[in-house]
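Below is one structure, written out as structure tokens; comments come after it.
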Amino acid sequence: MAEIILDAKNKRLGRLASDIAVILQGKKIPDYETRLPGKDSVRVKNIKEITLSGRKETNKVYYKHTGPLGHLKVRKFTDVFAKNPAWVLRHAVRLMLPKNRLQKVRLKKLIIEN
């Protein structure tokens, strides 16, 4: 088991999230098996200095539906990132991991430092 330290300074959100997802799945180690969660953990530093390409900083939105009709919540990236930058990266990584029983186990191995 190794801990891989990544610096998020001036890195794109999507590229960083996809690299983290590959490491958490264990695809970088020689004895990779799809049914196992992976042995490595990832520690990310300088999360507040992450970047986005194009106009995504102003146009990107996150949707959440609360259940009843008409209760669609829309949050802009700038508001969410200002409040909790760690959530933005964790959300991107979660969407890039396979949707199965190992997703929670893999996400627990992601440590984000501000």
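Residue numbers start at 1 in each chain; chains themselves are named A, B, ... in the order of the structure tokens; ligands are numbered from 1 in the order shown.
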Non-local contacts of Thr51 of chain A (10 Å; only C-alpha atoms; under 3 positions in same chain excluded) as an mmCIF file with N, CA, C and O atoms, in the first residue's frame:
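Final output, around_35.cif:
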```
data_model
loop_
_atom_site.group_PDB
_atom_site.id
_atom_site.type_symbol
_atom_site.label_atom_id
_atom_site.label_comp_id
_atom_site.auth_asym_id
_atom_site.auth_seq_id
_atom_site.Cartn_x
_atom_site.Cartn_y
_atom_site.Cartn_z
ATOM 1 N N ALA A 8 -2.239 19.830 -6.813
ATOM 2 C CA ALA A 8 -3.295 20.286 -7.723
ATOM 3 C C ALA A 8 -3.049 21.692 -8.260
ATOM 4 O O ALA A 8 -3.871 22.221 -8.996
ATOM 5 N N LYS A 9 -1.920 22.280 -7.945
ATOM 6 C CA LYS A 9 -1.645 23.651 -8.369
ATOM 7 C C LYS A 9 -1.566 23.742 -9.893
ATOM 8 O O LYS A 9 -0.781 23.027 -10.536
ATOM 9 N N ASN A 10 -2.402 24.602 -10.478
ATOM 10 C CA ASN A 10 -2.466 24.846 -11.928
ATOM 11 C C ASN A 10 -2.782 23.592 -12.741
ATOM 12 O O ASN A 10 -2.345 23.472 -13.881
ATOM 13 N N LYS A 11 -3.519 22.647 -12.174
ATOM 14 C CA LYS A 11 -3.951 21.453 -12.901
ATOM 15 C C LYS A 11 -5.421 21.594 -13.243
ATOM 16 O O LYS A 11 -6.188 22.221 -12.521
ATOM 17 N N ARG A 12 -5.838 20.983 -14.338
ATOM 18 C CA ARG A 12 -7.247 20.996 -14.740
ATOM 19 C C ARG A 12 -8.032 20.024 -13.871
ATOM 20 O O ARG A 12 -7.550 18.942 -13.529
ATOM 21 N N LEU A 13 -9.257 20.399 -13.554
ATOM 22 C CA LEU A 13 -10.097 19.587 -12.670
ATOM 23 C C LEU A 13 -10.346 18.202 -13.247
ATOM 24 O O LEU A 13 -10.168 17.186 -12.564
ATOM 25 N N GLY A 14 -10.748 18.111 -14.491
ATOM 26 C CA GLY A 14 -11.080 16.831 -15.105
ATOM 27 C C GLY A 14 -9.882 15.914 -15.253
ATOM 28 O O GLY A 14 -9.969 14.706 -15.013
ATOM 29 N N ILE A 47 -5.646 22.319 -3.261
ATOM 30 C CA ILE A 47 -6.891 22.141 -4.004
ATOM 31 C C ILE A 47 -7.507 23.476 -4.415
ATOM 32 O O ILE A 47 -8.219 23.564 -5.418
ATOM 33 N N LYS A 48 -7.214 24.543 -3.686
ATOM 34 C CA LYS A 48 -7.810 25.843 -4.007
ATOM 35 C C LYS A 48 -7.236 26.457 -5.280
ATOM 36 O O LYS A 48 -7.791 27.415 -5.798
ATOM 37 N N GLY A 54 -11.622 26.986 -20.636
ATOM 38 C CA GLY A 54 -12.713 27.660 -21.321
ATOM 39 C C GLY A 54 -13.548 28.518 -20.396
ATOM 40 O O GLY A 54 -13.048 29.181 -19.496
ATOM 41 N N LYS A 56 -15.888 27.400 -18.362
ATOM 42 C CA LYS A 56 -16.542 26.552 -17.372
ATOM 43 C C LYS A 56 -16.646 27.214 -16.006
ATOM 44 O O LYS A 56 -17.570 26.930 -15.257
ATOM 45 N N GLU A 57 -15.718 28.090 -15.664
ATOM 46 C CA GLU A 57 -15.776 28.735 -14.356
ATOM 47 C C GLU A 57 -17.043 29.553 -14.189
ATOM 48 O O GLU A 57 -17.579 29.663 -13.094
#
```
Between A:Leu6, A:Met1, A:Leu69, A:Ala21, smallest distance to Gln103 of chain A by only C-alpha atoms belongs to A:Ala21
Could you pull out the residues in chain A that DSSP calls strand (DSSP E) from the backbone, as a PyMOL selection string? chain A and resi 3-7+41-45+61-65+72-76+110-112
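Distance-wise, atom CA of Asp79 of chain A and atom CA of Thr58 of chain A end up 9.9 Å apart.
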